[in-house]
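Pasting structure.cif here (mmCIF, C-alpha atoms and all ligand atoms):
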```cif
data_entry
#
loop_
_atom_site.label_atom_id
_atom_site.label_comp_id
_atom_site.auth_asym_id
_atom_site.auth_seq_id
_atom_site.Cartn_x
_atom_site.Cartn_y
_atom_site.Cartn_z
CA MET A 68 154.57 173.19 102.27
CA ALA A 69 152.64 170.05 103.33
CA SER A 70 155.57 169.05 105.59
CA HIS A 71 155.37 172.45 107.25
CA PHE A 72 151.62 172.04 107.85
CA LYS A 73 152.19 168.50 109.15
CA ASP A 74 154.47 170.01 111.81
CA VAL A 75 151.75 172.59 112.56
CA ILE A 76 148.99 170.03 113.14
CA ASN A 77 151.25 167.98 115.41
CA ARG A 78 151.78 170.95 117.73
CA PRO A 79 149.64 171.40 120.86
CA ILE A 80 148.10 174.48 119.19
CA LYS A 81 147.17 173.15 115.76
CA LYS A 82 145.85 176.35 114.17
CA VAL A 83 147.50 179.07 112.10
CA PRO A 84 145.78 182.31 111.01
CA SER A 85 146.69 181.96 107.30
CA LEU A 86 143.14 181.89 105.88
CA ARG A 87 141.42 184.13 108.42
CA ASP A 88 138.47 185.96 106.74
CA ILE A 89 138.39 183.47 103.84
CA THR A 90 135.14 181.47 103.58
CA ILE A 91 135.18 177.98 102.09
CA ALA A 92 132.17 175.82 101.19
CA ASN A 93 132.55 172.05 101.10
CA VAL A 94 129.98 170.97 98.51
CA PHE A 95 129.56 167.22 98.43
CA PHE A 96 127.17 165.58 95.97
CA GLU A 97 128.61 162.14 96.80
CA ASN A 98 129.37 160.38 100.07
CA SER A 99 132.75 160.84 101.72
CA THR A 100 134.39 160.24 105.08
CA ARG A 101 138.12 160.99 104.66
CA THR A 102 138.07 163.71 101.99
CA LYS A 103 135.20 165.69 103.51
CA LEU A 104 136.48 165.59 107.08
CA SER A 105 140.10 166.26 106.17
CA PHE A 106 139.21 169.27 104.01
CA GLU A 107 137.07 170.63 106.84
CA LEU A 108 139.85 170.07 109.38
CA ALA A 109 142.41 171.61 107.01
CA GLU A 110 140.20 174.69 106.57
CA LYS A 111 139.61 175.07 110.30
CA ARG A 112 143.31 174.66 111.09
CA LEU A 113 144.02 177.46 108.62
CA SER A 114 141.37 179.58 110.46
CA ALA A 115 139.02 179.79 107.45
CA ASP A 116 135.26 180.10 107.95
CA VAL A 117 133.65 176.86 106.79
CA VAL A 118 130.20 175.88 105.55
CA ASN A 119 129.23 172.35 104.58
CA PHE A 120 126.70 171.37 101.93
CA SER A 121 125.40 167.89 101.18
CA ALA A 122 123.17 167.27 98.18
CA SER A 123 120.87 165.10 100.30
CA GLY A 124 118.70 167.48 102.30
CA SER A 125 119.34 170.37 99.87
CA SER A 126 117.30 172.00 97.11
CA VAL A 127 119.15 169.84 94.58
CA LYS A 128 116.42 167.36 95.49
CA LYS A 129 113.88 169.92 94.18
CA GLY A 130 115.64 170.09 90.80
CA GLU A 131 118.13 172.96 91.27
CA THR A 132 121.08 172.71 88.87
CA LEU A 133 124.74 172.42 89.88
CA LEU A 134 125.49 175.89 88.50
CA ASP A 135 122.51 177.52 90.26
CA THR A 136 123.39 175.74 93.50
CA VAL A 137 127.00 176.93 93.45
CA ASN A 138 126.12 180.48 92.32
CA ASN A 139 123.68 180.74 95.25
CA ILE A 140 126.37 179.53 97.66
CA LEU A 141 128.83 182.07 96.20
CA ALA A 142 126.24 184.87 96.54
CA MET A 143 126.64 184.41 100.31
CA LYS A 144 130.24 185.68 99.92
CA VAL A 145 131.98 182.33 99.78
CA ASP A 146 135.54 182.53 98.37
CA MET A 147 136.40 178.91 97.57
CA VAL A 148 134.44 175.75 96.84
CA VAL A 149 135.68 172.22 97.51
CA MET A 150 133.46 169.91 95.48
CA ARG A 151 132.87 166.20 95.08
CA HIS A 152 130.50 165.22 92.29
CA SER A 153 129.54 162.01 90.50
CA SER A 154 129.93 163.55 87.03
CA VAL A 155 133.26 163.44 85.19
CA GLY A 156 134.52 167.01 84.66
CA ALA A 157 132.09 168.66 87.12
CA ALA A 158 134.79 170.68 88.90
CA HIS A 159 136.34 171.78 85.58
CA TYR A 160 132.88 172.77 84.26
CA LEU A 161 132.27 174.94 87.32
CA SER A 162 135.72 176.51 87.26
CA LYS A 163 134.97 177.87 83.75
CA ARG A 164 131.65 179.39 84.82
CA VAL A 165 132.03 180.90 88.29
CA ASP A 166 134.34 183.49 89.77
CA ALA A 167 135.78 181.44 92.64
CA ARG A 168 138.51 178.91 93.35
CA ILE A 169 137.14 175.40 92.76
CA VAL A 170 138.94 172.41 94.28
CA ASN A 171 138.19 168.97 92.83
CA ALA A 172 137.52 166.57 95.73
CA GLY A 173 136.71 163.76 93.27
CA ASP A 174 134.71 163.83 90.02
CA GLY A 175 133.06 160.52 89.24
CA THR A 176 135.41 157.95 87.72
CA HIS A 177 137.78 160.66 86.50
CA GLU A 178 140.20 162.21 89.01
CA HIS A 179 140.90 162.71 92.72
CA PRO A 180 143.89 165.09 92.63
CA THR A 181 144.33 165.74 96.34
CA GLN A 182 144.30 161.97 97.00
CA ALA A 183 147.22 161.62 94.57
CA LEU A 184 149.07 164.42 96.32
CA LEU A 185 148.64 162.83 99.75
CA ASP A 186 149.53 159.38 98.36
CA SER A 187 152.78 160.62 96.81
CA PHE A 188 153.57 162.63 99.95
CA SER A 189 153.07 159.44 102.01
CA VAL A 190 155.37 157.38 99.78
CA ASN A 191 158.01 160.10 99.95
CA GLU A 192 157.69 160.13 103.75
CA LYS A 193 157.94 156.32 104.04
CA LEU A 194 160.63 155.59 101.40
CA GLY A 195 162.63 158.82 101.33
CA GLU A 196 161.77 159.67 97.73
CA VAL A 197 159.31 158.79 94.99
CA ALA A 198 161.71 159.02 92.03
CA GLY A 199 162.87 155.58 90.90
CA LYS A 200 160.29 153.69 92.95
CA LYS A 201 158.02 151.07 91.37
CA VAL A 202 154.35 151.65 92.19
CA VAL A 203 151.63 149.20 91.24
CA ILE A 204 147.97 150.22 91.40
CA VAL A 205 145.89 147.08 91.91
CA GLY A 206 142.15 146.69 91.42
CA ASP A 207 139.25 148.35 89.66
CA ILE A 208 141.23 150.78 87.52
CA LEU A 209 138.28 151.30 85.15
CA HIS A 210 135.99 152.92 87.72
CA SER A 211 138.61 154.52 89.98
CA ARG A 212 139.33 158.25 90.09
CA VAL A 213 142.27 157.55 92.41
CA ALA A 214 143.97 155.43 89.72
CA LEU A 215 144.20 158.15 87.07
CA SER A 216 145.36 160.87 89.50
CA ASN A 217 147.90 158.45 91.03
CA ILE A 218 149.29 157.54 87.59
CA PHE A 219 149.81 161.23 86.75
CA ALA A 220 151.30 162.15 90.14
CA PHE A 221 153.68 159.20 90.51
CA GLN A 222 154.90 159.48 86.90
CA LYS A 223 155.45 163.23 87.32
CA LEU A 224 157.57 162.53 90.41
CA GLY A 225 159.71 159.98 88.56
CA ALA A 226 158.22 156.66 89.68
CA GLU A 227 157.54 153.73 87.36
CA VAL A 228 153.84 152.88 87.41
CA MET A 229 152.12 149.56 86.73
CA VAL A 230 148.42 148.76 86.86
CA CYS A 231 147.14 145.30 87.76
CA GLY A 232 143.62 143.93 87.69
CA PRO A 233 141.23 141.73 85.75
CA ILE A 234 141.13 142.71 82.06
CA THR A 235 137.45 143.66 82.47
CA LEU A 236 138.41 146.32 85.03
CA LEU A 237 141.20 147.94 82.97
CA PRO A 238 140.31 150.83 80.62
CA LYS A 239 141.10 150.21 76.93
CA TYR A 240 143.28 153.35 76.77
CA ILE A 241 145.44 152.37 79.77
CA GLU A 242 148.66 151.57 77.86
CA SER A 243 148.56 155.00 76.18
CA LEU A 244 149.29 156.48 79.64
CA GLY A 245 152.76 154.92 79.64
CA VAL A 246 152.07 152.42 82.43
CA LYS A 247 152.98 148.75 82.57
CA VAL A 248 150.03 146.35 82.64
CA GLU A 249 150.09 143.06 84.56
CA LEU A 250 147.16 140.67 85.00
CA ASP A 251 148.89 138.43 87.59
CA VAL A 252 148.84 140.08 91.01
CA GLN A 253 151.66 137.95 92.43
CA LYS A 254 153.98 139.03 89.58
CA ALA A 255 152.90 142.65 90.16
CA LEU A 256 153.77 142.39 93.85
CA GLU A 257 157.16 140.84 92.99
CA TRP A 258 157.89 143.83 90.70
CA CYS A 259 156.84 146.68 92.97
CA ASP A 260 158.13 148.67 95.94
CA VAL A 261 154.65 150.02 96.67
CA ALA A 262 151.22 148.49 96.09
CA ASN A 263 148.31 150.92 96.08
CA VAL A 264 145.25 148.71 96.46
CA LEU A 265 141.84 149.93 95.28
CA ARG A 266 138.37 148.66 96.09
CA ILE A 267 135.89 147.32 93.54
CA GLN A 268 133.54 150.24 92.85
CA LEU A 269 130.28 148.31 92.63
CA GLU A 270 128.25 151.54 92.76
CA ARG A 271 129.77 152.76 89.47
CA GLN A 272 129.44 149.59 87.43
CA GLN A 273 126.87 149.80 84.65
CA ILE A 274 126.71 146.05 84.03
CA LYS A 275 127.20 143.07 86.28
CA TYR A 276 130.91 142.66 86.07
CA PHE A 277 133.22 139.74 85.78
CA PRO A 278 134.81 138.50 87.98
CA SER A 279 132.43 138.21 90.92
CA LEU A 280 133.59 139.54 94.30
CA ARG A 281 134.41 135.98 95.38
CA GLU A 282 136.53 135.40 92.28
CA TYR A 283 138.15 138.84 92.62
CA SER A 284 139.11 138.11 96.20
CA LEU A 285 140.54 134.70 95.20
CA TYR A 286 142.64 135.93 92.26
CA TYR A 287 143.46 139.54 93.22
CA GLY A 288 142.88 139.84 96.98
CA ILE A 289 146.11 140.69 98.82
CA ASP A 290 146.67 138.78 102.03
CA LYS A 291 149.60 137.90 104.25
CA SER A 292 150.41 134.69 102.36
CA ARG A 293 150.96 136.67 99.14
CA LEU A 294 153.38 139.04 100.93
CA GLU A 295 155.21 136.14 102.62
CA ARG A 296 156.01 134.68 99.18
CA LEU A 297 157.97 137.83 98.24
CA ASP A 298 161.72 138.07 98.82
CA LYS A 299 161.40 141.70 99.97
CA GLU A 300 159.20 144.01 102.04
CA ILE A 301 156.75 146.16 100.16
CA THR A 302 154.66 149.13 101.26
CA VAL A 303 150.88 148.71 101.03
CA MET A 304 148.56 151.66 100.52
CA HIS A 305 144.79 152.02 100.20
CA PRO A 306 142.81 155.25 99.74
CA GLY A 307 139.85 153.87 101.72
CA PRO A 308 137.21 152.80 102.27
CA ILE A 309 138.60 149.25 102.51
CA ASN A 310 136.36 146.30 101.75
CA ARG A 311 138.16 144.00 104.16
CA GLY A 312 138.47 140.42 102.96
CA ILE A 313 137.89 141.38 99.31
CA GLU A 314 140.79 143.47 97.96
CA LEU A 315 142.80 143.43 101.20
CA SER A 316 142.83 141.13 104.21
CA SER A 317 142.91 142.56 107.72
CA ASP A 318 146.26 140.86 108.41
CA VAL A 319 147.78 143.11 105.72
CA ALA A 320 145.63 146.25 106.23
CA ASP A 321 146.55 146.34 109.92
CA SER A 322 150.20 145.25 109.51
CA ASP A 323 153.43 147.23 109.53
CA HIS A 324 153.48 146.97 105.72
CA ALA A 325 150.47 149.27 105.50
CA ILE A 326 150.61 153.06 105.63
CA ILE A 327 146.85 153.49 105.27
CA LEU A 328 146.30 155.61 108.38
CA ASP A 329 149.44 157.64 107.60
CA GLN A 330 147.78 158.49 104.27
CA VAL A 331 144.72 159.71 106.15
CA GLU A 332 146.82 161.76 108.58
CA ASN A 333 148.77 163.29 105.69
CA GLY A 334 145.52 164.20 103.94
CA VAL A 335 144.94 167.08 106.37
CA ALA A 336 148.42 168.58 105.91
CA VAL A 337 148.38 168.16 102.13
CA ARG A 338 144.93 169.76 101.85
CA MET A 339 146.08 172.63 104.07
CA ALA A 340 148.91 173.21 101.59
CA VAL A 341 146.54 173.06 98.59
CA LEU A 342 144.10 175.55 100.15
CA TYR A 343 146.88 177.88 101.28
CA LEU A 344 148.40 178.00 97.79
CA LEU A 345 145.02 178.43 96.06
CA ALA A 346 144.08 181.28 98.37
CA GLU A 347 146.99 183.37 97.04
CA GLY A 348 145.48 186.53 95.63
CA ILE A 349 142.23 186.40 97.61
CA LYS A 350 143.73 186.58 101.12
CA PRO A 351 142.58 189.91 102.65
N1 LIG A 401 139.85 158.32 99.82
C1 LIG A 401 138.63 158.88 99.76
O1 LIG A 401 138.31 159.68 98.85
O2 LIG A 401 137.78 158.50 100.77
P1 LIG A 401 136.34 159.11 100.99
O3 LIG A 401 135.47 158.67 99.85
O4 LIG A 401 135.85 158.58 102.32
O5 LIG A 401 136.46 160.61 101.00
#
```
Will you turn the file into structure tokens for me?
Amino acid sequence: MASHFKDVINRPIKKVPSLRDITIANVFFENSTRTKLSFELAEKRLSADVVNFSASGSSVKKGETLLDTVNNILAMKVDMVVMRHSSVGAAHYLSKRVDARIVNAGDGTHEHPTQALLDSFSVNEKLGEVAGKKVVIVGDILHSRVALSNIFAFQKLGAEVMVCGPITLLPKYIESLGVKVELDVQKALEWCDVANVLRIQLERQQIKYFPSLREYSLYYGIDKSRLERLDKEITVMHPGPINRGIELSSDVADSDHAIILDQVENGVAVRMAVLYLLAEGIKP
């Protein structure tokens, strides 16, 4: 389905009428560049009507609750809500309380399901298949919603998954998810076919963490010299935003190893597929 929509958005006329007369609200309580814009583009390319809501500048600032906010949006005859929220489980909470399709566009440190779908789609596109591939997720696993969704998606598709990062940035339960754990980034890179590199989520850290950014960059930062020490080519991914020079150097981020902008391009097609499938049953 996503491959079909990728063909669609590469045509001179990028729109299809699939979601005509469906109204979708993009409700973002946290900042976003890629997810917000790609959902909006996906909706418009499916011919849905689109409204955008940001918590800043809204009546959330006057104390309105999440449930009241979304119920008021739905009262305006909105059919689906795409939501990003800082609280773990916010999308699930809403889905149990309102009569509308709710799409999780990232809930705090928990999950980012459409990111995992576009990441696995991008690996499949680059390497031919996901099954049997070795994927390492490097970085701040503890505070990352991309990490958990990536672990579930890549395992489901038959990849072996490893996580790599400082012990202070790995959740205590990580081994119960059936992933390998490696503290040495060079060994992790030697093992993998694909490295999905995550940023340090300073905004989510409750306490001043160890290591410092300088130490992180020294021990875990991935640069060209690390890749040159490998006896094979690996694929480098990053969900964005990149903190250049910390988790990833520009000479890797902008190299042929990286599929970072392919991930972004694929985000539109994958989100078109998600919205199309979720609209089953409400299409006029
Ligand atoms: N990958 C991702 O979720 O990026 P944004 O925060 O910019 O949406």
Contacts to ligand LIG 401 (chain A) at 9 Å cut-off (only C-alpha atoms and all ligand atoms) as an NGL selection string:
:A and (97-105 or 151 or 172-173 or 179 or 181-182 or 212-213 or 305-308 or 331)
Spatial neighbours of range 186-202 of chain A, max dist 9 Å, only C-alpha atoms, sep filter under 5 positions, as number ranges by chain
A: 69-70, 181, 217, 220-230, 258-263, 302, 304-306, 326, 329-330, 333-334, 337
Which residue gives the smallest distance to Gln253 in chain A among A:Ile241, A:Ala122, A:Ile309, A:Leu297, with all atoms listed in the file counted?
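Smallest distance to Gln253 in chain A is found for A:Leu297.
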So how far away is CA of Asn119 in chain A from CA of Arg168 in chain A, in Å?
16.0 Å
Could you list, as a ChimeraX atom specification, every residue within 8 Å of range 144-149 of chain A, counting all atoms listed in the file and ignoring same-chain residues fewer than 5 positions away?
/A:89-95,106,167-172,349
Atomic distance CA of Gly245 in chain A - CA of Leu265 in chain A, expressed in Å with one decimal
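A separation of 19.7 Å between them.
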Would you compute the distance between CA of Asn139 in chain A and CA of Ser126 in chain A? Give it in Å to one decimal.
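Separation between CA of Asn139 in chain A and CA of Ser126 in chain A: 11.0 Å.
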For range 282-288 of chain A, what centre and edge lengths in Å (one decimal) does the axis-aligned box get once 6 Å is added on each side of all its listed atoms, as JSON?
```
{"center_x": 140.0, "center_y": 137.3, "center_z": 94.6, "size_x": 18.9, "size_y": 17.1, "size_z": 16.7}
```
Just give me the residues with any atom within 8 Å of (146.9, 174.5, 105.5), file coordinates, counting all atoms listed in the file, written as an MDAnalysis selection string.
chainID A and resid 69 72 85 109:110 112:113 335:343
So which one's closest to Arg311 in chain A, A:Leu184, A:Val264, A:Val127, A:Ala214? Using all atoms listed in the file, please.
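Comparing A:Leu184, A:Val264, A:Val127, A:Ala214 against Arg311 in chain A, the winner is A:Val264.
Of the listed residues A:Phe120, A:Phe219, A:Tyr160, A:Tyr287, the one whose atoms come nearest to Leu236 in chain A is A:Tyr287, with distances taken using all atoms listed in the file.
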For range 118-197 of chain A of the structure just presented, write C-alpha atoms to a file, as a compact mmCIF listing (two decimals), in the first residue's frame.
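File produced: decode-v4.txt:
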```txt
# COMPACT_ATOMS: atom_id res chain seq x y z
CA VAL A 118 -7.27 21.32 10.23
CA ASN A 119 -4.17 21.87 12.34
CA PHE A 120 -4.10 22.46 16.08
CA SER A 121 -1.08 23.41 18.19
CA ALA A 122 -1.34 23.52 21.97
CA SER A 123 0.56 26.82 22.03
CA GLY A 124 -1.94 29.52 21.09
CA SER A 125 -4.93 27.30 22.03
CA SER A 126 -7.29 27.18 25.00
CA VAL A 127 -5.13 24.41 26.50
CA LYS A 128 -3.18 27.39 27.83
CA LYS A 129 -6.36 28.43 29.72
CA GLY A 130 -6.59 25.02 31.42
CA GLU A 131 -8.79 23.02 29.02
CA THR A 132 -8.25 19.26 29.37
CA LEU A 133 -7.07 16.93 26.60
CA LEU A 134 -10.46 15.18 26.50
CA ASP A 135 -12.43 18.45 26.38
CA THR A 136 -10.11 19.80 23.69
CA VAL A 137 -10.52 16.75 21.46
CA ASN A 138 -14.28 16.45 22.06
CA ASN A 139 -14.67 20.10 21.00
CA ILE A 140 -12.63 19.46 17.85
CA LEU A 141 -14.76 16.37 17.09
CA ALA A 142 -17.97 18.40 17.62
CA MET A 143 -16.95 20.31 14.48
CA LYS A 144 -17.49 17.06 12.51
CA VAL A 145 -13.89 15.89 12.42
CA ASP A 146 -13.53 12.18 11.54
CA MET A 147 -9.94 11.37 12.52
CA VAL A 148 -7.38 12.84 14.90
CA VAL A 149 -3.61 12.57 14.48
CA MET A 150 -2.10 13.39 17.85
CA ARG A 151 1.33 14.00 19.34
CA HIS A 152 1.42 14.38 23.11
CA SER A 153 4.10 14.41 25.80
CA SER A 154 2.24 11.92 28.02
CA VAL A 155 2.81 8.17 27.68
CA GLY A 156 -0.46 6.51 26.60
CA ALA A 157 -2.25 9.74 25.60
CA ALA A 158 -3.42 8.41 22.22
CA HIS A 159 -4.59 5.12 23.78
CA TYR A 160 -6.43 7.05 26.53
CA LEU A 161 -8.28 9.11 23.92
CA SER A 162 -9.08 6.14 21.71
CA LYS A 163 -11.01 4.57 24.63
CA ARG A 164 -13.04 7.73 25.27
CA VAL A 165 -13.98 9.30 21.93
CA ASP A 166 -15.82 8.05 18.88
CA ALA A 167 -13.15 8.75 16.25
CA ARG A 168 -10.04 7.21 14.74
CA ILE A 169 -7.00 8.31 16.77
CA VAL A 170 -3.53 8.04 15.23
CA ASN A 171 -0.54 8.13 17.58
CA ALA A 172 2.02 10.58 16.16
CA GLY A 173 4.26 10.07 19.22
CA ASP A 174 3.35 9.79 22.91
CA GLY A 175 6.12 10.98 25.20
CA THR A 176 8.90 8.45 25.70
CA HIS A 177 6.62 5.57 24.76
CA GLU A 178 5.94 4.93 21.06
CA HIS A 179 6.08 6.47 17.58
CA PRO A 180 4.39 3.78 15.47
CA THR A 181 4.33 5.52 12.09
CA GLN A 182 8.06 6.29 12.43
CA ALA A 183 8.69 2.56 12.85
CA LEU A 184 6.59 1.81 9.79
CA LEU A 185 8.49 4.31 7.64
CA ASP A 186 11.84 3.12 9.04
CA SER A 187 11.12 -0.52 8.21
CA PHE A 188 9.73 0.47 4.80
CA SER A 189 12.98 2.39 4.14
CA VAL A 190 15.18 -0.57 5.13
CA ASN A 191 13.12 -2.86 2.91
CA GLU A 192 13.51 -0.40 0.03
CA LYS A 193 17.29 -0.07 0.52
CA LEU A 194 18.22 -3.70 1.32
CA GLY A 195 15.50 -5.67 -0.46
CA GLU A 196 14.03 -7.15 2.71
CA VAL A 197 14.02 -6.68 6.47
```
